[in-house]
Each structure stands twice: as structure tokens, then as C-alpha cells.
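Heads up, data03.txt below (compact mmCIF, C-alpha atoms):
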# COMPACT_ATOMS: atom_id res chain seq x y z
CA MET A 1 -5.23 -47.36 0.59
CA ASN A 2 -8.88 -47.07 1.49
CA GLY A 3 -9.98 -49.54 -1.19
CA GLY A 4 -13.19 -49.71 -3.11
CA GLY A 5 -11.93 -47.78 -6.11
CA VAL A 6 -9.67 -48.15 -9.09
CA ASP A 7 -6.05 -48.62 -8.08
CA LEU A 8 -2.62 -48.13 -9.50
CA GLU A 9 0.55 -49.29 -7.76
CA LEU A 10 4.05 -48.65 -9.03
CA THR A 11 7.53 -49.07 -7.60
CA VAL A 12 10.58 -47.73 -9.45
CA ALA A 13 14.17 -46.85 -8.64
CA ALA A 14 14.41 -43.35 -7.18
CA THR A 15 16.18 -41.68 -10.10
CA ALA A 16 15.53 -38.46 -12.00
CA GLU A 17 15.21 -40.45 -15.20
CA ASN A 18 12.25 -42.36 -13.77
CA ILE A 19 10.20 -39.26 -12.94
CA PRO A 20 8.77 -38.95 -16.49
CA LEU A 21 8.06 -42.67 -16.46
CA LEU A 22 5.97 -42.33 -13.31
CA ARG A 23 4.21 -39.26 -14.65
CA HIS A 24 3.31 -41.00 -17.90
CA ALA A 25 2.02 -44.03 -16.00
CA VAL A 26 -0.19 -41.81 -13.85
CA SER A 27 -1.32 -39.96 -16.98
CA GLY A 28 -2.46 -43.26 -18.47
CA PHE A 29 -4.25 -44.13 -15.23
CA LEU A 30 -6.03 -40.76 -15.28
CA ASP A 31 -7.07 -41.28 -18.89
CA GLY A 32 -8.53 -44.63 -17.89
CA ILE A 33 -10.68 -43.10 -15.16
CA GLU A 34 -11.59 -40.13 -17.37
CA VAL A 35 -9.74 -37.49 -15.41
CA THR A 36 -8.63 -34.97 -18.02
CA GLY A 37 -7.91 -31.29 -18.60
CA ASP A 38 -6.95 -29.08 -15.67
CA ASP A 39 -7.73 -31.82 -13.15
CA ALA A 40 -5.22 -34.13 -14.82
CA SER A 41 -2.61 -31.38 -15.20
CA ASP A 42 -2.83 -30.58 -11.49
CA VAL A 43 -2.48 -34.23 -10.48
CA LEU A 44 0.50 -34.80 -12.76
CA LEU A 45 2.30 -31.70 -11.48
CA ALA A 46 1.71 -32.61 -7.83
CA VAL A 47 2.85 -36.21 -8.39
CA THR A 48 5.96 -35.00 -10.18
CA GLU A 49 6.82 -32.60 -7.34
CA ALA A 50 6.34 -35.34 -4.72
CA CYS A 51 8.49 -37.82 -6.62
CA THR A 52 11.15 -35.16 -7.25
CA ASN A 53 11.32 -34.58 -3.50
CA VAL A 54 12.09 -38.27 -3.04
CA VAL A 55 14.89 -38.17 -5.61
CA GLN A 56 16.40 -34.97 -4.21
CA HIS A 57 15.99 -35.53 -0.48
CA ALA A 58 14.94 -38.96 0.72
CA TYR A 59 18.02 -40.97 -0.14
CA ARG A 60 20.72 -38.37 0.17
CA ASP A 61 23.79 -40.08 1.68
CA HIS A 62 21.84 -43.32 1.48
CA GLN A 63 23.74 -46.27 2.92
CA GLY A 64 20.93 -48.61 3.87
CA GLU A 65 20.42 -52.11 2.60
CA SER A 66 17.30 -51.24 0.67
CA GLU A 67 17.58 -49.96 -2.87
CA PRO A 68 16.47 -46.33 -3.18
CA ARG A 69 12.99 -46.46 -4.65
CA ILE A 70 9.74 -44.60 -5.06
CA GLU A 71 6.41 -46.23 -4.40
CA LEU A 72 3.28 -44.68 -5.83
CA ILE A 73 -0.23 -45.84 -5.01
CA ALA A 74 -3.31 -44.25 -6.52
CA ASP A 75 -6.92 -44.88 -5.62
CA ARG A 76 -10.05 -43.31 -7.00
CA SER A 77 -13.24 -43.57 -5.01
CA GLU A 78 -16.31 -41.53 -5.90
CA GLU A 79 -15.15 -37.97 -6.60
CA VAL A 80 -11.89 -38.16 -4.68
CA LEU A 81 -8.56 -39.28 -6.07
CA SER A 82 -5.91 -40.26 -3.51
CA ILE A 83 -2.26 -40.66 -4.43
CA ALA A 84 0.44 -41.71 -1.98
CA VAL A 85 4.14 -41.27 -2.81
CA ARG A 86 6.42 -43.18 -0.47
CA ASP A 87 10.11 -43.62 0.10
CA LEU A 88 12.14 -45.75 2.49
CA GLY A 89 14.77 -43.09 3.05
CA HIS A 90 14.95 -40.30 5.59
CA GLY A 91 12.25 -37.98 4.41
CA PHE A 92 12.34 -34.24 4.07
CA ALA A 93 15.29 -33.21 6.20
CA PRO A 94 16.22 -29.64 5.26
CA ARG A 95 19.45 -29.25 3.32
CA VAL A 96 21.37 -26.08 2.70
CA ASP A 97 22.67 -27.42 -0.63
CA SER A 98 19.22 -28.16 -2.02
CA PRO A 99 19.30 -28.08 -5.83
CA GLY A 100 15.70 -26.89 -6.00
CA LEU A 101 13.84 -23.72 -5.15
CA GLY A 102 12.02 -25.27 -2.22
CA LEU A 103 8.78 -24.85 -4.12
CA GLY A 104 7.81 -28.50 -4.30
CA LEU A 105 5.68 -28.71 -1.17
CA PRO A 106 4.00 -25.31 -1.62
CA VAL A 107 3.08 -26.29 -5.18
CA ILE A 108 1.69 -29.61 -3.94
CA ALA A 109 -0.32 -27.80 -1.28
CA ALA A 110 -1.75 -25.43 -3.87
CA LEU A 111 -2.80 -28.23 -6.21
CA THR A 112 -4.33 -30.69 -3.76
CA ARG A 113 -7.44 -30.78 -1.63
CA THR A 114 -5.43 -32.21 1.26
CA VAL A 115 -1.83 -33.27 1.73
CA GLU A 116 -0.40 -35.23 4.64
CA ILE A 117 3.26 -35.99 5.23
CA ARG A 118 3.88 -38.77 7.67
CA PRO A 119 6.77 -41.00 8.70
CA LEU A 120 6.76 -44.70 7.89
CA SER A 121 8.11 -47.39 10.18
CA PRO A 122 10.95 -48.29 10.39
CA SER A 123 12.03 -45.61 7.92
CA GLY A 124 10.66 -43.56 5.12
CA THR A 125 8.03 -40.95 4.43
CA GLU A 126 4.62 -40.97 2.84
CA VAL A 127 3.14 -37.96 1.09
CA LEU A 128 -0.58 -38.60 0.82
CA MET A 129 -2.37 -36.26 -1.54
CA THR A 130 -6.07 -36.08 -2.28
CA PHE A 131 -7.68 -34.31 -5.19
CA ALA A 132 -11.30 -33.27 -5.58
CA LEU A 133 -12.31 -34.13 -9.11
CA GLY A 134 -14.77 -32.23 -11.26
CA GLN A 135 -15.04 -29.29 -8.89
CA ASP A 136 -14.13 -26.55 -11.38
CA MET B 1 9.76 -51.39 -22.65
CA ASP B 2 12.39 -50.65 -25.30
CA ASP B 3 9.65 -49.63 -27.68
CA ASP B 4 8.14 -47.15 -25.27
CA PRO B 5 8.45 -43.78 -27.03
CA THR B 6 8.45 -41.95 -23.71
CA ARG B 7 11.74 -43.49 -22.60
CA GLY B 8 15.05 -41.89 -23.48
CA THR B 9 13.51 -38.97 -25.32
CA GLY B 10 14.48 -35.68 -23.75
CA PRO B 11 13.34 -32.24 -24.79
CA GLN B 12 14.44 -30.85 -28.13
CA PHE B 13 15.89 -27.34 -28.49
CA GLN B 14 16.29 -25.09 -31.49
CA GLN B 15 17.71 -21.61 -31.43
CA ARG B 16 17.75 -18.82 -34.00
CA ARG B 17 18.32 -15.10 -33.89
CA VAL B 18 15.09 -13.20 -34.51
CA GLU B 19 16.34 -9.69 -33.81
CA GLU B 20 19.80 -8.24 -33.47
CA SER B 21 19.61 -8.47 -29.70
CA VAL B 22 17.15 -11.36 -29.30
CA LEU B 23 17.85 -15.07 -29.52
CA LEU B 24 14.78 -17.32 -29.80
CA LEU B 25 15.10 -20.68 -28.09
CA SER B 26 12.27 -23.04 -28.97
CA VAL B 27 11.66 -26.01 -26.71
CA GLU B 28 9.67 -29.14 -27.43
CA GLY B 29 8.96 -31.73 -24.79
CA GLU B 30 8.64 -32.05 -21.03
CA LEU B 31 10.74 -30.11 -18.56
CA ASP B 32 11.33 -31.64 -15.14
CA ILE B 33 14.19 -32.85 -12.96
CA GLY B 34 15.03 -35.47 -15.58
CA SER B 35 15.59 -32.84 -18.27
CA ALA B 36 16.80 -29.94 -16.10
CA ASP B 37 20.43 -30.45 -17.14
CA ALA B 38 19.52 -30.34 -20.83
CA LEU B 39 17.49 -27.15 -20.29
CA ARG B 40 20.34 -25.58 -18.33
CA ALA B 41 22.84 -26.41 -21.09
CA ALA B 42 20.57 -24.98 -23.80
CA LEU B 43 20.09 -21.76 -21.85
CA ASP B 44 23.81 -21.50 -21.09
CA THR B 45 24.55 -21.66 -24.80
CA ALA B 46 21.87 -19.07 -25.61
CA GLU B 47 23.09 -16.75 -22.85
CA ARG B 48 26.59 -16.78 -24.33
CA GLU B 49 25.20 -15.52 -27.62
CA SER B 50 22.66 -12.92 -26.56
CA ASP B 51 21.61 -10.70 -23.67
CA ILE B 52 17.95 -11.26 -24.46
CA VAL B 53 16.82 -14.87 -24.66
CA ARG B 54 13.23 -15.53 -25.72
CA LEU B 55 12.03 -19.00 -24.75
CA ASP B 56 9.19 -20.31 -26.90
CA THR B 57 7.21 -22.78 -24.79
CA ARG B 58 4.44 -23.49 -27.31
CA ASP B 59 5.47 -27.15 -27.46
CA VAL B 60 6.28 -27.62 -23.77
CA GLN B 61 3.76 -30.13 -22.51
CA PHE B 62 4.93 -30.07 -18.90
CA LEU B 63 7.01 -27.88 -16.62
CA ASP B 64 7.66 -28.38 -12.90
CA SER B 65 9.45 -26.44 -10.18
CA SER B 66 12.80 -28.06 -11.03
CA ALA B 67 12.66 -26.59 -14.53
CA LEU B 68 11.32 -23.37 -13.11
CA GLY B 69 14.45 -23.11 -10.97
CA VAL B 70 16.60 -23.40 -14.08
CA LEU B 71 14.59 -20.63 -15.77
CA LEU B 72 14.88 -18.41 -12.72
CA ALA B 73 18.66 -18.85 -12.52
CA SER B 74 18.97 -17.96 -16.19
CA ALA B 75 16.73 -14.90 -15.76
CA GLN B 76 18.86 -13.71 -12.86
CA ARG B 77 22.13 -14.16 -14.77
CA LEU B 78 20.76 -12.25 -17.76
CA ALA B 79 19.31 -9.49 -15.58
CA ALA B 80 22.66 -9.08 -13.82
CA ARG B 81 24.19 -7.95 -17.12
CA GLY B 82 21.25 -5.88 -18.28
CA GLY B 83 19.53 -8.56 -20.31
CA ARG B 84 16.41 -10.58 -19.73
CA LEU B 85 14.73 -13.94 -20.19
CA GLU B 86 11.41 -13.76 -22.00
CA LEU B 87 8.78 -16.49 -22.25
CA THR B 88 6.51 -16.54 -25.25
CA ASN B 89 3.63 -18.76 -26.39
CA VAL B 90 3.10 -19.83 -22.80
CA SER B 91 0.79 -22.83 -22.56
CA PRO B 92 -1.91 -22.97 -19.85
CA ALA B 93 -0.01 -25.62 -17.90
CA VAL B 94 3.15 -23.51 -17.87
CA ARG B 95 1.19 -20.36 -17.05
CA ARG B 96 -0.38 -22.09 -14.06
CA ILE B 97 2.90 -22.81 -12.30
CA LEU B 98 4.32 -19.41 -13.23
CA ASP B 99 1.37 -17.71 -11.56
CA MET B 100 1.37 -20.11 -8.62
CA THR B 101 4.98 -19.36 -7.81
CA LEU B 102 4.93 -15.67 -8.79
CA ILE B 103 7.97 -16.22 -10.96
CA ALA B 104 6.15 -14.43 -13.78
CA ARG B 105 7.37 -11.33 -11.96
CA THR B 106 10.98 -12.32 -12.58
CA VAL B 107 10.82 -13.57 -16.14
CA HIS B 108 9.13 -11.53 -18.82
CA VAL B 109 6.06 -13.24 -20.18
CA ILE B 110 5.03 -12.09 -23.62
CA PRO B 111 1.28 -12.63 -24.14

Could you take the file, read its structure, and then write that structure out as C-alpha cells?
Amino acid sequence: MNGGGVDLELTVAATAENIPLLRHAVSGFLDGIEVTGDDASDVLLAVTEACTNVVQHAYRDHQGESEPRIELIADRSEEVLSIAVRDLGHGFAPRVDSPGLGLGLPVIAALTRTVEIRPLSPSGTEVLMTFALGQD
Amino acid sequence: MDDDPTRGTGPQFQQRRVEESVLLLSVEGELDIGSADALRAALDTAERESDIVRLDTRDVQFLDSSALGVLLASAQRLAARGGRLELTNVSPAVRRILDMTLIARTVHVIP
């Protein structure tokens, strides 16, 4: 990402079973950079919601050559933590049979300082979240 | 990785009747998309046995919107037959998402 900070990069198969694994990895990363308490809880919830969106939406009807996967990249610089969650699927297309409440993105928006959702080339979506640390 | 205690360990559920009309369902663990099916199954079982299900979340370390959806569906099913879903011993992390999503208006939170 923007470099200069402490980084974490993970790539796992986009399955529901891997969501806790990602969350625990990010939790360990947060411990290492001394992000704790409510700040850590907010980050872990937002990351979980973003990764859940990938599992539920990004690879629905996936037939591409690439294996469905989630990429997570975290970077802490100064008082800002940035976390990108990426997929190589087809993003956030609305679905009438969604198994969720549609609360994922609103929850992310409520927990983050900024959130950007942008397409990746040639396919995929990146959800880039930033968190202001130590502001409470 | 096989020794990682976080892998393959889903939430644990225990239920017991605490009043004639109230079934207490205690949950321990993390509730997300990976454990939503287990939560749904535990609530289904509790709903079959009582019109009032009280979910003790004292030992729930994490709860996301996927799990919240399961709780909401259970609350709606119980309400449709005159019952209710209650949450008790709500941890700060659980309280945060309840307030954020206003679902505390649908389930009954016992302070």
C-alpha cells in the first residue's frame, strides 16, 4: 500500500471457514502494533464484514481459472491503519437471494474513518478501509 | 497449523430451562459466517422447546452481521407465535453492533 509502516499480507481461499483464521491473524497483527480495546474490536469487525462480503458475493457462480481467494493487506503508518480486502471475482453485484441482511457495508462505513470500494483490473474488487487510531 | 487452537473449534452451546416458559441458551465462542449454521441449529432446537429463548452472550467474544441475521430470523419466528428472543449478559462488542444496526429494537436485551 503506501509503505513506510508495519505490514501484514495474507492470501487465503475464499471460504467461510477461513474468516476466523483471517480475523485471528489480524488480531495478532493488532496486538503487535499495540492496537487494543475498542479500536481493535472495530477493526476486527470491519475486516470480518469485508471478508464475508467476498465469500458471499465475489465468487458467486465463479467459473474463472483463478481459485477463489481473499487477499488482505494491512499497513500502519503514524496514527492511521489501512486495511485492503481484495478479491478476483465480480465484486458486489446485488443479489436477491443474499443470505445476509445487507448490513455489511453500512457496518464497515460506521466503523472506519474512510472506506473506498474500487474495481481491480482485469477483475476483482478492493475494499480499502482506514481507521484512525487512538482518537477515542 | 494442526496445533492452532483457533482452527476447527466452533462455538459451544448449552441449554437449560430456567423458568417454565424460558429456555436459557448459553453460547461460548465467536459468531460469524463460519459458525452461523451452528448458531441457527442451536436456536432451532431451542425454539422447538420454548416460546421464550434467552441467549446468554457472556462468553461470546465476537459477533458480526451474519450472526446478527440468524438472531433476527429467530426473533421474528418466535415473535410470530407470541414468544420472544432475549439477549442477556451482552458484552460491549456485541452491544456495539446491536446498537449500530438498531436490532436491539427487535430482540429483547436484558441489562

- Got a sec to pull out which chain A residues are within 12 Å of chain B, counting all atoms listed in the file, and send them as an NGL selection string? :A and (14-25 or 27 or 37-56 or 98-111)

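Counting all atoms listed in the file, Arg81 (chain B) has the following residues at most 12 Å away, ignoring those fewer than 5 positions along the same chain: B:Glu47, B:Arg48, B:Ser50, B:Asp51, B:Ile52, B:Ser74, B:Ala75, B:Gln76.
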
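The coordinates place CA of Glu20 (chain B) at 25.5 Å from CA of Val60 (chain B).
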
- Computed gap from CA of Arg76 (chain A) to CA of Gly124 (chain A) is 24.0 Å
